[in-house]
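To keep things clear, I will list the structure first and then write my remarks on it.
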Amino acid sequence: MAAEQPVPAAAAASIEQGAAAHGASNRWLVLVIVCMAQFMVVLDATVVNVALPSIQRGLHFSQANLQWVVNAYTLVFGGFLLLGGRAADLLGRKRLFMVGVLVFSGASMLNGLAQTSGMLVAGRALQGLGGAIVSPAALAIITTTFPDSAERTKALGVWSAIAAGGAAFGLLLGGVLTDLLSWQWVFFVNLPVGVASFAAALRLVPESRAELQHRSFDLAGAITVTGGLLVLVYAIVEAKTYGWGSARIVGLGSLGVALLAAFAAIESRSRMPLMRLSIFRLRSLAVADGALLLVASAMFSMFFFASLYVQDIQGYSPLRAGLAFLPVSAGIMIGAGAAQQLIRRLGVRGVSVLGLALATAGMAWLVRLPVHGSYLGDLLAGLLPLAIGMGLVFVPITLLATSGVEHEDAGLASGLFNTAQQVGGALGLAILSTVAADHTSALLRGAGHASAAGAEVAGFHVAFLGGTVMLALGALFISVLLRRRHVLHVDVGAPLTVAA
């Protein structure tokens, strides 16, 4: 397999341009800047969830197409993350970070001005493209700005809390903005954050890039992997309309698999691959990304179905629904803070499994949500352990996925990590929403069912059960496939590189 070759000798010893500037820069201020932009990007994955009923009424979305307000964003985000990560390595991480902020902010303005459902879905896809440029560049900036392992653990702890907490805070902010202003403001709110992030990065974030002999972009790889993921999820979403065994769904699924197979073939032969397959020889990275795919599938679905439960079943206003999820943000922050301390005692593997076990218990509790449930005894009793568990998970899993790679692959590792999160979230939501809708429809067709609300909640139960299984599989994945020797470089900060 052909792969990029590092520039030898002196160039390899100074693989990051501008590394000297890092010493003079305030590293923690750089962390604040990139985390502010990442918070904006992650926030947008869930800020629309509470606003979905208002968006549906305002732009006349069908029930089947409403989830594309979420999936158009997460799919394009996930599909282009690998290209965004590699482009950051080659063209400059600061440069790509700023370009991504501009694209994301501009798309946010277009979404707020959307007059039709098609305009909004297209704008959400453009937002996803901006996020795909911002996120890997931001994470790569952190990993190259903090070479010391202890400082990197602290920095990634902040990053993880922002990344996980932003999703929960998005539900609160979405409720506040939708209730007090209108659904358009869940998009307009990004503009001041984007402007501030761009201006601060222009002055304070140092530039860095990988020094490689070959500089080219694997456009064929980017097209095939993005197309394959889009087609597969579209097939899953449409399955509830046409049936899983229909010629349309089987054909779409086959096309998606063929595109992804073509992507793997292209990467194995490309002189400058979008995703250098040998990076998966690093067991900690491969297992972390695989586990994150499952974790994100459960998390995105939980936010989606829990927000529907409190509004459609419990009758909460958007503002009250947002406030109901405020403890989730606090729980994630608590878990992320505790993880930094527990890693020193239990190691990254132990903390990951502990967090997933706690999150699994919380998700399992949601399977029993009644139609006329209470907030404290029924909903919060499940959400709180789930949130703390997620906070515990994200810090070690981020360390596992980004530590031990060569500096010239920092953007690639960051892109892979974010891809697992976004694609996992999109696929999980598509699968579980389809299964939940099928179960609800089957109950409504059956004789003697109590109510439409009861059938809808029963569908939610199936989705939460699916999320429970995904989290449990994530814990099993880490427990079985990771051994102490695979994580020593993370736990003790020892250098470890990946052979080409």
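Chains: A, B, ... in order of the structure tokens. Residues: from 1 per chain. Ligands: from 1, in order shown.
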
### Query
Can you list, as number ranges by chain, every protein, DNA or RNA residue that comes within 10 Å of A:Ile141 when you count only C-alpha atoms, leaving out same-chain residues fewer than 5 positions away?
A: 30-31, 34, 88-89, 92-94, 97, 135-136, 146, 205-209, 410-411, 414

Using 6 Å as the limit and counting only C-alpha atoms, can you tabulate each residue of stretch 276-388 of chain A that touches stretch 458-479 of chain A, with its shortest atom-to-atom distance in Å and the two atoms involved, as a Markdown table?
| residue | atom | partner | partner_atom | distance |
| --- | --- | --- | --- | --- |
| A:Ala291 | CA | A:Gly474 | CA | 4.7 |
| A:Leu294 | CA | A:Met470 | CA | 5.3 |
| A:Val295 | CA | A:Leu471 | CA | 5.6 |
| A:Ala298 | CA | A:Gly467 | CA | 4.3 |
| A:Val353 | CA | A:Ala475 | CA | 5.2 |
| A:Leu356 | CA | A:Ala475 | CA | 5.6 |
| A:Thr360 | CA | A:Thr468 | CA | 5.4 |
| A:Met363 | CA | A:Thr468 | CA | 5.4 |
| A:Ala364 | CA | A:Thr468 | CA | 5.6 |
| A:Val367 | CA | A:His461 | CA | 4.7 |

### Message
as a count of residues only, please: the residues near stretch 327-342 of chain A (cut-off 9 Å, only C-alpha atoms, same-chain neighbours under 6 positions excluded).
### Response
33

All residues 12 Å or closer to A:Ala413, only C-alpha atoms, same chain fewer than 4 positions away omitted, as a CSV table (one decimal) with C-alpha atoms, in the first residue's frame:
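File selection23.csv, as written:
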chain,number,residue,atom,x,y,z
A,81,LEU,CA,-14.6,14.9,8.1
A,82,LEU,CA,-11.8,12.8,6.7
A,83,LEU,CA,-11.2,15.2,3.8
A,84,GLY,CA,-11.3,18.1,6.3
A,85,GLY,CA,-8.8,16.4,8.6
A,86,ARG,CA,-6.3,15.7,5.9
A,88,ALA,CA,-5.9,20.7,7.7
A,89,ASP,CA,-2.7,18.7,7.9
A,135,SER,CA,-13.8,20.1,14.0
A,136,PRO,CA,-10.8,18.1,12.8
A,137,ALA,CA,-8.7,21.3,12.5
A,138,ALA,CA,-9.7,22.3,16.0
A,139,LEU,CA,-8.9,19.0,17.6
A,140,ALA,CA,-5.6,18.8,15.7
A,141,ILE,CA,-4.7,22.3,16.9
A,143,THR,CA,-3.1,17.9,20.1
A,274,LEU,CA,-7.8,10.3,2.3
A,275,MET,CA,-7.7,7.7,5.0
A,276,ARG,CA,-4.3,5.8,5.3
A,277,LEU,CA,-5.5,2.4,6.3
A,278,SER,CA,-2.4,1.5,8.2
A,279,ILE,CA,-3.3,4.0,10.9
A,280,PHE,CA,-5.7,1.3,12.2
A,282,LEU,CA,-2.8,1.4,16.3
A,284,SER,CA,-6.2,2.1,20.8
A,285,LEU,CA,-7.3,4.4,17.9
A,286,ALA,CA,-9.2,1.6,16.0
A,288,ALA,CA,-11.9,3.9,20.4
A,289,ASP,CA,-13.4,5.0,17.0
A,398,THR,CA,-10.7,11.0,23.0
A,399,LEU,CA,-7.3,10.3,24.4
A,400,LEU,CA,-7.4,6.8,23.0
A,401,ALA,CA,-8.4,8.0,19.6
A,402,THR,CA,-5.8,10.8,19.3
A,403,SER,CA,-2.7,9.7,21.2
A,404,GLY,CA,0.2,7.9,19.7
A,405,VAL,CA,-0.1,9.0,16.1
A,406,GLU,CA,2.6,10.9,14.2
A,407,HIS,CA,2.2,14.7,14.1
A,408,GLU,CA,1.6,14.7,10.4
A,409,ASP,CA,-1.4,12.5,11.0
A,417,PHE,CA,-12.7,10.5,15.6
A,418,ASN,CA,-15.2,13.1,14.5
A,419,THR,CA,-16.4,10.9,11.7
A,420,ALA,CA,-17.1,8.0,14.0
A,498,VAL,CA,2.3,4.1,13.7

### Message
Can you tell me which residues surround A:Ala114 at a distance of at most 12 Å, considering only C-alpha atoms, apart from same-chain residues fewer than 5 positions away, and format the answer as an NGL selection string?
### Response
:A and (55 or 58-59 or 107-109 or 119-124 or 183-185 or 187-188)

Those same residues, written as a PDB file, in the first residue's frame with C-alpha atoms?
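Contents of out.pdb, as written:
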ATOM      1  CA  ILE A  55     -39.887  23.991  12.290  1.00  0.00           C
ATOM      2  CA  GLY A  58     -43.435  26.660   9.986  1.00  0.00           C
ATOM      3  CA  LEU A  59     -41.990  24.983   6.865  1.00  0.00           C
ATOM      4  CA  ALA A 107     -24.876  28.591   6.378  1.00  0.00           C
ATOM      5  CA  SER A 108     -26.417  29.395   9.770  1.00  0.00           C
ATOM      6  CA  MET A 109     -27.602  32.746   8.426  1.00  0.00           C
ATOM      7  CA  MET A 119     -33.950  25.370   1.563  1.00  0.00           C
ATOM      8  CA  LEU A 120     -33.496  24.438   5.206  1.00  0.00           C
ATOM      9  CA  VAL A 121     -32.268  20.904   4.476  1.00  0.00           C
ATOM     10  CA  ALA A 122     -29.792  22.273   1.914  1.00  0.00           C
ATOM     11  CA  GLY A 123     -28.597  24.870   4.396  1.00  0.00           C
ATOM     12  CA  ARG A 124     -28.172  22.230   7.081  1.00  0.00           C
ATOM     13  CA  TRP A 183     -37.135  28.737  15.601  1.00  0.00           C
ATOM     14  CA  GLN A 184     -35.036  30.895  13.227  1.00  0.00           C
ATOM     15  CA  TRP A 185     -32.953  32.057  16.185  1.00  0.00           C
ATOM     16  CA  PHE A 187     -29.497  29.361  13.685  1.00  0.00           C
ATOM     17  CA  PHE A 188     -28.971  33.117  14.027  1.00  0.00           C
TER      18      PHE A 188
END

### Message
Applying 8 Å and only C-alpha atoms, which residues near stretch 314-322 of chain A remain after dropping the ones on its own chain fewer than 5 positions away? List them as a ChimeraX atom specification.
### Response
/A:50-51,171-180,307,309,371-373

### Task
Mind checking which residues fall within 8 Å of A:Gly131, counting only C-alpha atoms, ignoring those fewer than 5 positions away in the same chain, and posting them as a list in words?
Val41, Phe77, Gly100, Val101 and Phe104 of chain A

Could you turn the residues from that selection into a file that holds N, CA and C atoms, as a compact mmCIF listing (two decimals), in the first residue's frame?
# COMPACT_ATOMS: atom_id res chain seq x y z
N VAL A 41 -20.36 24.23 16.86
CA VAL A 41 -20.61 23.15 15.91
C VAL A 41 -21.41 22.01 16.56
N PHE A 77 -21.58 16.33 7.57
CA PHE A 77 -20.53 16.51 8.57
C PHE A 77 -19.64 15.27 8.61
N GLY A 100 -13.58 27.02 7.84
CA GLY A 100 -14.74 26.29 8.33
C GLY A 100 -15.69 27.14 9.14
N VAL A 101 -15.13 28.01 9.98
CA VAL A 101 -15.97 28.91 10.78
C VAL A 101 -16.79 29.82 9.87
N PHE A 104 -19.59 27.72 8.14
CA PHE A 104 -20.60 27.35 9.12
C PHE A 104 -21.48 28.54 9.48

### Task
Run DSSP on the backbone and give me the residues of stretch 161-378 of chain A it puts in helix (DSSP H, G or I), as a PyMOL selection string.
chain A and resi 161-180+185-188+190-204+219-242+247-269+277-281+283-313+318-324+326-366+375-378

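Here atom CA of A:Ala264 is placed at a distance of 14.4 Å from atom CA of A:Leu416.
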
### Summary
Among A:Val76, A:Val233, A:Leu52, A:Leu156, A:Leu255 is approached most closely, using only C-alpha atoms, by A:Val233
